[in-house]
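J.: What follows is protein.tsv; its format and atoms are TSV, C-alpha atoms.
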```tsv
chain	number	residue	atom	x	y	z
K	1	MET	CA	-2.56	11.92	20.97
K	2	HIS	CA	-6.09	13.27	20.56
K	3	PHE	CA	-4.88	15.26	17.55
K	4	LEU	CA	-3.35	12.15	15.96
K	5	ARG	CA	-6.48	10.13	16.57
K	6	SER	CA	-8.68	12.80	15.05
K	7	LEU	CA	-6.54	12.75	11.91
K	8	CYS	CA	-6.63	8.97	11.74
K	9	HIS	CA	-10.36	8.68	12.24
K	10	SER	CA	-11.69	11.62	10.26
K	11	SER	CA	-14.57	10.64	8.01
K	12	ASP	CA	-12.51	10.63	4.80
K	13	VAL	CA	-10.18	7.85	5.90
K	14	GLU	CA	-12.62	5.10	6.76
K	15	LEU	CA	-12.24	2.14	4.44
K	16	ASP	CA	-15.68	1.28	3.12
K	17	VAL	CA	-16.01	-2.31	1.94
K	18	THR	CA	-19.28	-3.75	0.63
K	19	THR	CA	-20.02	-7.08	-1.03
K	20	ARG	CA	-22.68	-7.89	-3.62
K	21	GLN	CA	-23.44	-10.43	-6.33
K	22	GLU	CA	-23.25	-9.24	-9.92
K	23	SER	CA	-23.14	-11.14	-13.21
K	24	GLY	CA	-22.39	-14.37	-11.39
K	25	CYS	CA	-19.46	-12.91	-9.49
K	26	THR	CA	-18.95	-11.79	-5.94
K	27	VAL	CA	-18.01	-8.13	-6.23
K	28	ILE	CA	-16.20	-6.53	-3.31
K	29	ASN	CA	-16.39	-2.77	-3.63
K	30	VAL	CA	-13.60	-0.96	-1.81
K	31	VAL	CA	-13.49	2.79	-1.20
K	32	GLY	CA	-10.78	4.62	0.72
K	33	GLU	CA	-7.16	3.91	1.59
K	34	VAL	CA	-5.86	0.36	2.05
K	35	ASP	CA	-2.91	0.32	4.42
K	36	VAL	CA	-1.58	-1.55	7.42
K	37	PHE	CA	-4.45	-0.23	9.55
K	38	THR	CA	-7.37	-0.77	7.18
K	39	ALA	CA	-6.22	-3.89	5.28
K	40	PRO	CA	-7.80	-6.26	7.87
K	41	THR	CA	-11.22	-4.93	6.80
K	42	LEU	CA	-10.54	-5.95	3.20
K	43	ASP	CA	-9.11	-9.26	4.39
K	44	GLU	CA	-12.29	-9.97	6.32
K	45	ALA	CA	-14.51	-9.23	3.30
K	46	LEU	CA	-12.44	-11.42	0.98
K	47	SER	CA	-12.32	-14.25	3.51
K	48	SER	CA	-16.10	-14.09	3.95
K	49	ALA	CA	-16.65	-14.15	0.19
K	50	ILE	CA	-14.44	-17.22	-0.15
K	51	ALA	CA	-16.00	-18.93	2.86
K	52	ASP	CA	-19.41	-18.37	1.30
K	53	GLY	CA	-18.29	-20.34	-1.74
K	54	GLY	CA	-17.43	-17.49	-4.06
K	55	THR	CA	-15.11	-18.75	-6.80
K	56	CYS	CA	-15.50	-15.78	-9.14
K	57	VAL	CA	-14.39	-12.88	-6.98
K	58	VAL	CA	-13.81	-9.33	-8.17
K	59	ALA	CA	-12.14	-6.73	-5.95
K	60	ASP	CA	-13.29	-3.37	-7.27
K	61	LEU	CA	-10.55	-0.94	-6.24
K	62	SER	CA	-11.74	1.89	-8.48
K	63	GLY	CA	-12.59	3.85	-5.34
K	64	VAL	CA	-9.18	3.27	-3.77
K	65	ASP	CA	-6.63	6.06	-3.98
K	66	PHE	CA	-3.91	4.46	-1.85
K	67	LEU	CA	-2.79	0.84	-1.59
K	68	ASP	CA	0.37	-0.39	0.09
K	69	SER	CA	2.10	-3.76	0.38
K	70	THR	CA	-0.18	-4.76	3.23
K	71	GLY	CA	-3.13	-4.51	0.88
K	72	LEU	CA	-1.26	-6.51	-1.72
K	73	SER	CA	-0.56	-9.22	0.86
K	74	VAL	CA	-4.28	-9.49	1.57
K	75	LEU	CA	-5.00	-9.92	-2.15
K	76	VAL	CA	-2.27	-12.55	-2.53
K	77	LYS	CA	-3.63	-14.47	0.45
K	78	ALA	CA	-7.10	-14.42	-1.12
K	79	LEU	CA	-5.70	-15.43	-4.51
K	80	LYS	CA	-4.11	-18.53	-2.99
K	81	ARG	CA	-7.36	-19.63	-1.38
K	82	ILE	CA	-9.46	-18.91	-4.46
K	83	ARG	CA	-7.08	-20.84	-6.71
K	84	GLU	CA	-7.27	-23.80	-4.37
K	85	ALA	CA	-11.00	-23.81	-5.14
K	86	ASP	CA	-10.31	-23.50	-8.89
K	87	GLY	CA	-11.73	-20.01	-8.81
K	88	SER	CA	-10.57	-16.64	-10.05
K	89	LEU	CA	-9.72	-13.29	-8.53
K	90	ASP	CA	-9.88	-10.20	-10.73
K	91	VAL	CA	-9.19	-6.61	-9.72
K	92	VAL	CA	-10.56	-3.33	-11.02
K	93	VAL	CA	-8.04	-0.50	-10.86
K	94	THR	CA	-8.46	3.00	-12.23
K	95	ALA	CA	-5.87	5.08	-10.34
K	96	ASP	CA	-2.39	4.85	-11.82
K	97	ARG	CA	-0.79	5.26	-8.40
K	98	VAL	CA	-2.58	2.05	-7.35
K	99	ALA	CA	-1.77	0.19	-10.57
K	100	LYS	CA	1.87	1.19	-10.08
K	101	VAL	CA	2.07	-0.84	-6.87
K	102	PHE	CA	0.93	-3.95	-8.77
K	103	ARG	CA	3.48	-3.28	-11.51
K	104	LEU	CA	6.43	-2.66	-9.17
K	105	THR	CA	5.80	-5.88	-7.29
K	106	GLY	CA	5.02	-7.93	-10.39
K	107	LEU	CA	1.62	-8.81	-9.00
K	108	ASP	CA	0.03	-7.63	-12.23
K	109	LYS	CA	1.46	-10.83	-13.73
K	110	LEU	CA	-0.58	-12.94	-11.31
K	111	ILE	CA	-3.82	-11.02	-10.88
K	112	PRO	CA	-5.76	-9.75	-13.92
K	113	LEU	CA	-6.23	-5.99	-13.68
K	114	HIS	CA	-9.18	-4.32	-15.40
K	115	ALA	CA	-10.20	-0.75	-16.04
K	116	THR	CA	-13.91	-1.43	-15.56
K	117	LEU	CA	-16.10	-3.71	-13.49
K	118	GLU	CA	-17.76	-4.97	-16.68
K	119	ALA	CA	-14.41	-6.17	-17.99
K	120	ALA	CA	-13.57	-7.82	-14.67
K	121	CYS	CA	-16.87	-9.70	-14.76
K	122	GLY	CA	-16.16	-10.86	-18.30
K	123	LEU	CA	-18.78	-8.64	-19.93
K	124	GLU	CA	-16.09	-6.71	-21.83
K	125	SER	CA	-13.04	-8.18	-23.47
K	126	SER	CA	-10.49	-5.49	-22.69
K	127	GLY	CA	-8.60	-5.06	-19.45
K	128	LEU	CA	-5.56	-3.24	-18.15
K	129	ASN	CA	-3.43	-6.33	-18.52
K	130	ALA	CA	-4.47	-6.76	-22.13
K	131	GLU	CA	-3.89	-3.11	-22.96
K	132	ASN	CA	-0.93	-2.08	-20.91
K	133	TYR	CA	0.62	-5.09	-19.29
K	134	ASP	CA	1.75	-8.57	-20.06
K	135	GLU	CA	-0.97	-11.15	-19.94
K	136	PRO	CA	-0.98	-12.61	-16.42
K	137	SER	CA	-0.16	-16.25	-16.11
K	138	HIS	CA	-2.79	-18.17	-14.19
K	139	ASP	CA	-0.19	-20.88	-13.65
K	140	GLY	CA	2.26	-18.58	-11.89
K	141	GLU	CA	3.51	-19.21	-8.41
K	142	VAL	CA	1.66	-17.24	-5.78
M	143	MET	CA	11.81	24.25	6.48
M	144	PRO	CA	15.34	22.98	6.88
M	145	HIS	CA	14.15	20.24	9.24
M	146	ALA	CA	10.81	19.08	10.63
M	147	THR	CA	10.23	16.12	12.92
M	148	LEU	CA	7.20	13.94	13.56
M	149	SER	CA	6.97	11.32	16.28
M	150	ILE	CA	4.16	8.79	16.34
M	151	PRO	CA	3.33	5.91	18.67
M	152	PRO	CA	4.14	2.47	17.21
M	153	SER	CA	0.59	1.73	16.12
M	154	ALA	CA	-0.82	0.97	12.68
M	155	GLU	CA	-3.55	3.57	13.06
M	156	HIS	CA	-0.96	6.37	13.09
M	157	VAL	CA	0.89	5.47	9.90
M	158	ARG	CA	-1.52	7.56	7.85
M	159	VAL	CA	-0.53	10.67	9.80
M	160	ALA	CA	3.09	10.16	8.74
M	161	ARG	CA	1.99	9.85	5.11
M	162	LEU	CA	-0.06	13.05	5.33
M	163	VAL	CA	2.77	15.02	6.90
M	164	ALA	CA	5.39	13.71	4.46
M	165	VAL	CA	3.23	14.59	1.47
M	166	ALA	CA	2.64	18.08	2.83
M	167	ALA	CA	6.40	18.54	3.27
M	168	ALA	CA	7.10	17.20	-0.22
M	169	ARG	CA	4.65	19.68	-1.72
M	170	ARG	CA	6.23	22.49	0.25
M	171	VAL	CA	9.70	21.76	-1.12
M	172	GLY	CA	8.33	21.59	-4.64
M	173	LEU	CA	8.52	17.93	-5.62
M	174	THR	CA	6.54	16.99	-8.71
M	175	ASP	CA	3.19	15.20	-8.42
M	176	GLU	CA	4.78	11.94	-9.55
M	177	HIS	CA	7.41	12.16	-6.85
M	178	ILE	CA	4.78	13.11	-4.28
M	179	ASP	CA	2.93	9.86	-5.01
M	180	ASP	CA	6.24	8.05	-4.49
M	181	VAL	CA	6.79	9.89	-1.20
M	182	ARG	CA	3.31	8.88	-0.02
M	183	LEU	CA	3.88	5.19	-0.75
M	184	ALA	CA	7.52	5.01	0.33
M	185	VAL	CA	6.86	6.75	3.65
M	186	GLY	CA	3.83	4.55	4.22
M	187	GLU	CA	5.95	1.47	3.68
M	188	GLY	CA	8.86	2.80	5.74
M	189	VAL	CA	6.78	3.85	8.72
M	190	SER	CA	4.68	0.66	8.59
M	191	ARG	CA	7.93	-1.30	8.64
M	192	ALA	CA	9.25	0.70	11.59
M	193	VAL	CA	6.01	0.19	13.52
M	194	ALA	CA	6.07	-3.54	12.76
M	195	ARG	CA	9.68	-3.82	13.95
M	196	GLN	CA	8.89	-2.14	17.25
M	197	LEU	CA	5.73	-4.16	17.80
M	198	ALA	CA	7.62	-7.38	17.03
M	199	GLN	CA	10.11	-6.56	19.75
M	200	GLY	CA	7.68	-4.94	22.14
M	201	VAL	CA	9.40	-1.55	22.02
M	202	ALA	CA	7.05	1.15	23.31
M	203	GLY	CA	8.88	4.30	22.21
M	204	ASP	CA	7.81	6.49	19.33
M	205	VAL	CA	8.77	6.04	15.71
M	206	SER	CA	10.33	9.25	14.42
M	207	MET	CA	10.38	10.80	10.98
M	208	VAL	CA	12.66	13.73	10.15
M	209	MET	CA	12.11	15.68	6.94
M	210	SER	CA	15.07	17.74	5.74
M	211	ASP	CA	15.05	20.29	2.95
M	212	LEU	CA	18.70	20.83	2.08
M	213	GLY	CA	18.75	22.79	-1.13
M	214	PRO	CA	18.16	20.41	-3.99
M	215	GLU	CA	18.00	17.44	-1.62
M	216	PHE	CA	14.85	16.38	0.19
M	217	THR	CA	15.50	13.67	2.73
M	218	ILE	CA	13.12	11.75	4.95
M	219	THR	CA	14.70	9.74	7.73
M	220	ILE	CA	12.60	7.15	9.55
M	221	SER	CA	13.96	5.76	12.82
M	222	ASP	CA	12.58	3.04	15.04
M	223	GLY	CA	13.61	1.77	18.46
M	224	ALA	CA	14.08	-1.86	17.50
M	225	ASP	CA	17.61	-3.01	18.21
M	226	PHE	CA	17.80	-6.09	16.06
M	227	SER	CA	18.49	-6.60	12.40
M	228	GLY	CA	16.74	-9.90	11.88
M	229	PRO	CA	14.68	-10.96	8.90
M	230	GLU	CA	12.07	-8.52	7.63
M	231	THR	CA	8.58	-9.22	8.96
M	232	ASP	CA	7.15	-9.04	5.43
M	233	ASP	CA	9.92	-10.93	3.60
M	234	GLY	CA	11.38	-7.63	2.46
M	235	VAL	CA	8.48	-6.51	0.27
M	236	ALA	CA	8.33	-3.06	1.87
M	237	LEU	CA	12.04	-2.42	1.40
M	238	ALA	CA	11.91	-3.67	-2.18
M	239	LEU	CA	9.08	-1.28	-2.94
M	240	ILE	CA	10.90	1.60	-1.28
M	241	ARG	CA	14.04	0.92	-3.32
M	242	ALA	CA	11.94	0.89	-6.49
M	243	LEU	CA	10.34	4.22	-5.62
M	244	VAL	CA	13.13	6.31	-4.12
M	245	PRO	CA	16.28	7.39	-5.99
M	246	GLU	CA	18.58	7.04	-3.00
M	247	VAL	CA	17.90	4.72	-0.09
M	248	GLU	CA	20.18	4.05	2.86
M	249	LEU	CA	19.48	1.60	5.66
M	250	VAL	CA	21.81	1.65	8.63
M	251	GLY	CA	20.60	-0.32	11.63
M	252	SER	CA	17.21	1.05	12.58
M	253	VAL	CA	17.56	4.24	10.51
M	254	LEU	CA	16.09	4.33	7.01
M	255	SER	CA	16.91	7.37	4.87
M	256	LEU	CA	15.02	8.24	1.69
M	257	ARG	CA	16.49	10.94	-0.54
M	258	TRP	CA	15.18	12.80	-3.57
M	259	VAL	CA	17.35	15.27	-5.47
M	260	GLN	CA	15.49	17.90	-7.45
M	261	ALA	CA	16.73	19.07	-10.80
M	262	PRO	CA	18.11	22.64	-10.68
```
Represent the structure of the file as structure tokens.
T.:
Amino acid sequence: MHFLRSLCHSSDVELDVTTRQESGCTVINVVGEVDVFTAPTLDEALSSAIADGGTCVVADLSGVDFLDSTGLSVLVKALKRIREADGSLDVVVTADRVAKVFRLTGLDKLIPLHATLEAACGLESSGLNAENYDEPSHDGEV
Amino acid sequence: MPHATLSIPPSAEHVRVARLVAVAAARRVGLTDEHIDDVRLAVGEGVSRAVARQLAQGVAGDVSMVMSDLGPEFTITISDGADFSGPETDDGVALALIRALVPEVELVGSVLSLRWVQAP
């Protein structure tokens, strides 16, 4: 058991989540692996951002190298709440293995994916959806 | 490595260990990098699902994962101790992802088998 715990809690597996304001948006910077164990940390950060009145929220997953369906569920939950406040949720994704999870589940049709934080904040026009995916429908069912 | 077995307690914090071990086994049998990414995600989903099933039913026993290298076939079998086949706790998202990632998937009761066949 000690061996398992040491693997689970080694320094390279901690999910690091920080929140800051940038270009009028609440940017949540996520570094690490988002799975069934760490997803509550991301959920807490997103919930806090929404509770604080953030309606332009960007989840920067450029530092994430693993994301499973639990992480997607957290994002969908946040998307519902942000849409209720007429806000927006954008995601920055750079790792193809992470983008693949969005594609396989069709979530890339609901949440705009961007290659850079500048694009997610609206400072650049291009994004992953525009380049590689169908344009997401902001009217889609969540 | 014809067979290797990992048992973990039914706790979310241990799912990562299963992913690490499965990826190491996949590299050892020579799967491509693309398939290794699929192994990582599929095993993560499968073991998370098994853990969730046991927690939902209050089953304390370990979740087991058996990795089998049988010539061109690489099989990972994930077994949990839950004895019901009710609705999926996540509306079936995990299983849908697994079926999208893995060439051959078989679910019989509480035993989920994932199979990759390597080109000769």
J.: Kindly provide the residues of chain M that approach chain K to within 8 Å, each paired with its closest atom pair and their distance in Å to one decimal, based on all atoms listed in the file, listed by chain and increasing number, as a tab-separated table.
T.:
```
residue	atom	partner	partner_atom	distance
M:Ala154	CA	K:Phe37	CA	4.9
M:Glu155	CA	K:Phe37	CA	5.3
M:His156	CA	K:Cys8	CA	6.4
M:Val157	CA	K:Phe37	CA	7.8
M:Arg158	CA	K:Cys8	CA	6.6
M:Val159	CA	K:Cys8	CA	6.6
M:Asp179	CA	K:Arg97	CA	6.8
M:Leu183	CA	K:Asp68	CA	6.6
M:Gly186	CA	K:Asp68	CA	7.3
M:Glu187	CA	K:Asp68	CA	6.9
M:Ser190	CA	K:Val36	CA	6.7
M:Val235	CA	K:Ser69	CA	6.9
M:Ala236	CA	K:Ser69	CA	6.4
M:Leu239	CA	K:Leu104	CA	6.9
M:Ala242	CA	K:Leu104	CA	7.1
```
J.: Which is closest to Lys80 in chain K among K:Val64, K:Ser47, K:Gly53, K:Ala99, if we use only C-alpha atoms?
T.: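 Going through K:Val64, K:Ser47, K:Gly53, K:Ala99 one by one, the smallest distance to Lys80 in chain K is for K:Ser47.
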J.: Write out as a PyMOL selection string the residues lying within 8 Å of range 220-232 of chain M, counting only C-alpha atoms and excluding same-chain residues fewer than 4 positions away.
T.: chain M and resi 188-189+191-196+199+201+203-208+236+251-255
J.: What are the centre and the three edge lengths of an axis-aligned box that wraps all atoms of range 184-187 of chain M in the file, given that 5 Å is added to every side, written as lines of an AutoDock Vina configuration file and rounded to one decimal in Å?
T.:
```
center_x = 5.7
center_y = 4.1
center_z = 2.3
size_x = 13.7
size_y = 15.3
size_z = 13.9
```
J.: Can you tell me, as a list in words, what residues are no more than 8 Å from Asp90 in chain K when counting all atoms listed in the file, ignoring any on the same chain fewer than 4 positions away?
T.: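 Counting all atoms listed in the file, the residues come to Val57, Val58, Ala59, Ile111, Pro112, Leu113, His114 and Ala120 of chain K.
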J.: Save out the residues we just selected, C-alpha atoms, as a PDB file, in the frame of the given file.
T.:
```pdb
ATOM      1  CA  VAL K  57     -14.390 -12.880  -6.980  1.00  0.00           C
ATOM      2  CA  VAL K  58     -13.810  -9.330  -8.170  1.00  0.00           C
ATOM      3  CA  ALA K  59     -12.140  -6.730  -5.950  1.00  0.00           C
ATOM      4  CA  ILE K 111      -3.820 -11.020 -10.880  1.00  0.00           C
ATOM      5  CA  PRO K 112      -5.760  -9.750 -13.920  1.00  0.00           C
ATOM      6  CA  LEU K 113      -6.230  -5.990 -13.680  1.00  0.00           C
ATOM      7  CA  HIS K 114      -9.180  -4.320 -15.400  1.00  0.00           C
ATOM      8  CA  ALA K 120     -13.570  -7.820 -14.670  1.00  0.00           C
TER       9      ALA K 120
END
```
J.: Between CA of Gly24 in chain K and CA of Phe102 in chain K, what is the distance in Å, rounded to a tenth?
T.: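 That distance, rounded to one decimal, is 25.7 Å.
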J.: Enter the distance from CA of Ile240 in chain M to CA of Arg83 in chain K, in Å, rounded to one decimal.
T.: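 Separation between CA of Ile240 in chain M and CA of Arg83 in chain K: 29.3 Å.
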J.: May I have the residues within 8 Å of Asp43 in chain K as an NGL selection string, using only C-alpha atoms and disregarding those fewer than 6 positions away in the same chain?
T.: :K and (74-75 or 78)
J.: Can you measure CA of Gly63 in chain K to CA of Pro40 in chain K for me? One decimal in Å is fine.
T.: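 Separating CA of Gly63 in chain K from CA of Pro40 in chain K is a distance of 17.3 Å.
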J.: Rebuild N, CA and C atoms on range 42-61 of chain K, as a short mmCIF file (atom, residue, chain, number, x, y, z; two decimals), in the coordinates of the input?
T.:
```
data_model
loop_
_atom_site.label_atom_id
_atom_site.label_comp_id
_atom_site.auth_asym_id
_atom_site.auth_seq_id
_atom_site.Cartn_x
_atom_site.Cartn_y
_atom_site.Cartn_z
N LEU K 42 -10.48 -5.32 4.52
CA LEU K 42 -10.54 -5.95 3.20
C LEU K 42 -10.32 -7.45 3.32
N ASP K 43 -9.40 -7.84 4.18
CA ASP K 43 -9.11 -9.26 4.39
C ASP K 43 -10.37 -9.99 4.86
N GLU K 44 -11.08 -9.36 5.78
CA GLU K 44 -12.29 -9.97 6.32
C GLU K 44 -13.35 -10.15 5.23
N ALA K 45 -13.51 -9.14 4.37
CA ALA K 45 -14.51 -9.23 3.30
C ALA K 45 -14.15 -10.31 2.29
N LEU K 46 -12.87 -10.39 1.94
CA LEU K 46 -12.44 -11.42 0.98
C LEU K 46 -12.59 -12.82 1.60
N SER K 47 -12.21 -12.95 2.84
CA SER K 47 -12.32 -14.25 3.51
C SER K 47 -13.78 -14.69 3.59
N SER K 48 -14.67 -13.75 3.88
CA SER K 48 -16.10 -14.09 3.95
C SER K 48 -16.62 -14.52 2.59
N ALA K 49 -16.20 -13.81 1.54
CA ALA K 49 -16.65 -14.15 0.19
C ALA K 49 -16.20 -15.57 -0.18
N ILE K 50 -14.98 -15.89 0.17
CA ILE K 50 -14.44 -17.22 -0.15
C ILE K 50 -15.14 -18.29 0.69
N ALA K 51 -15.33 -17.98 1.97
CA ALA K 51 -16.00 -18.93 2.86
C ALA K 51 -17.42 -19.20 2.42
N ASP K 52 -18.04 -18.21 1.79
CA ASP K 52 -19.41 -18.37 1.30
C ASP K 52 -19.47 -19.11 -0.03
N GLY K 53 -18.32 -19.54 -0.52
CA GLY K 53 -18.29 -20.34 -1.74
C GLY K 53 -18.03 -19.56 -3.01
N GLY K 54 -17.69 -18.29 -2.87
CA GLY K 54 -17.43 -17.49 -4.06
C GLY K 54 -16.16 -17.95 -4.77
N THR K 55 -16.29 -18.34 -6.03
CA THR K 55 -15.11 -18.75 -6.80
C THR K 55 -14.81 -17.76 -7.91
N CYS K 56 -15.77 -16.88 -8.21
CA CYS K 56 -15.50 -15.78 -9.14
C CYS K 56 -15.58 -14.50 -8.30
N VAL K 57 -14.44 -14.03 -7.90
CA VAL K 57 -14.39 -12.88 -6.98
C VAL K 57 -13.72 -11.70 -7.69
N VAL K 58 -14.36 -10.55 -7.59
CA VAL K 58 -13.81 -9.33 -8.17
C VAL K 58 -13.63 -8.31 -7.05
N ALA K 59 -12.40 -7.82 -6.90
CA ALA K 59 -12.14 -6.73 -5.95
C ALA K 59 -12.14 -5.43 -6.75
N ASP K 60 -13.17 -4.63 -6.54
CA ASP K 60 -13.29 -3.37 -7.27
C ASP K 60 -12.57 -2.27 -6.47
N LEU K 61 -11.36 -1.95 -6.93
CA LEU K 61 -10.55 -0.94 -6.24
C LEU K 61 -10.62 0.42 -6.94
#
```
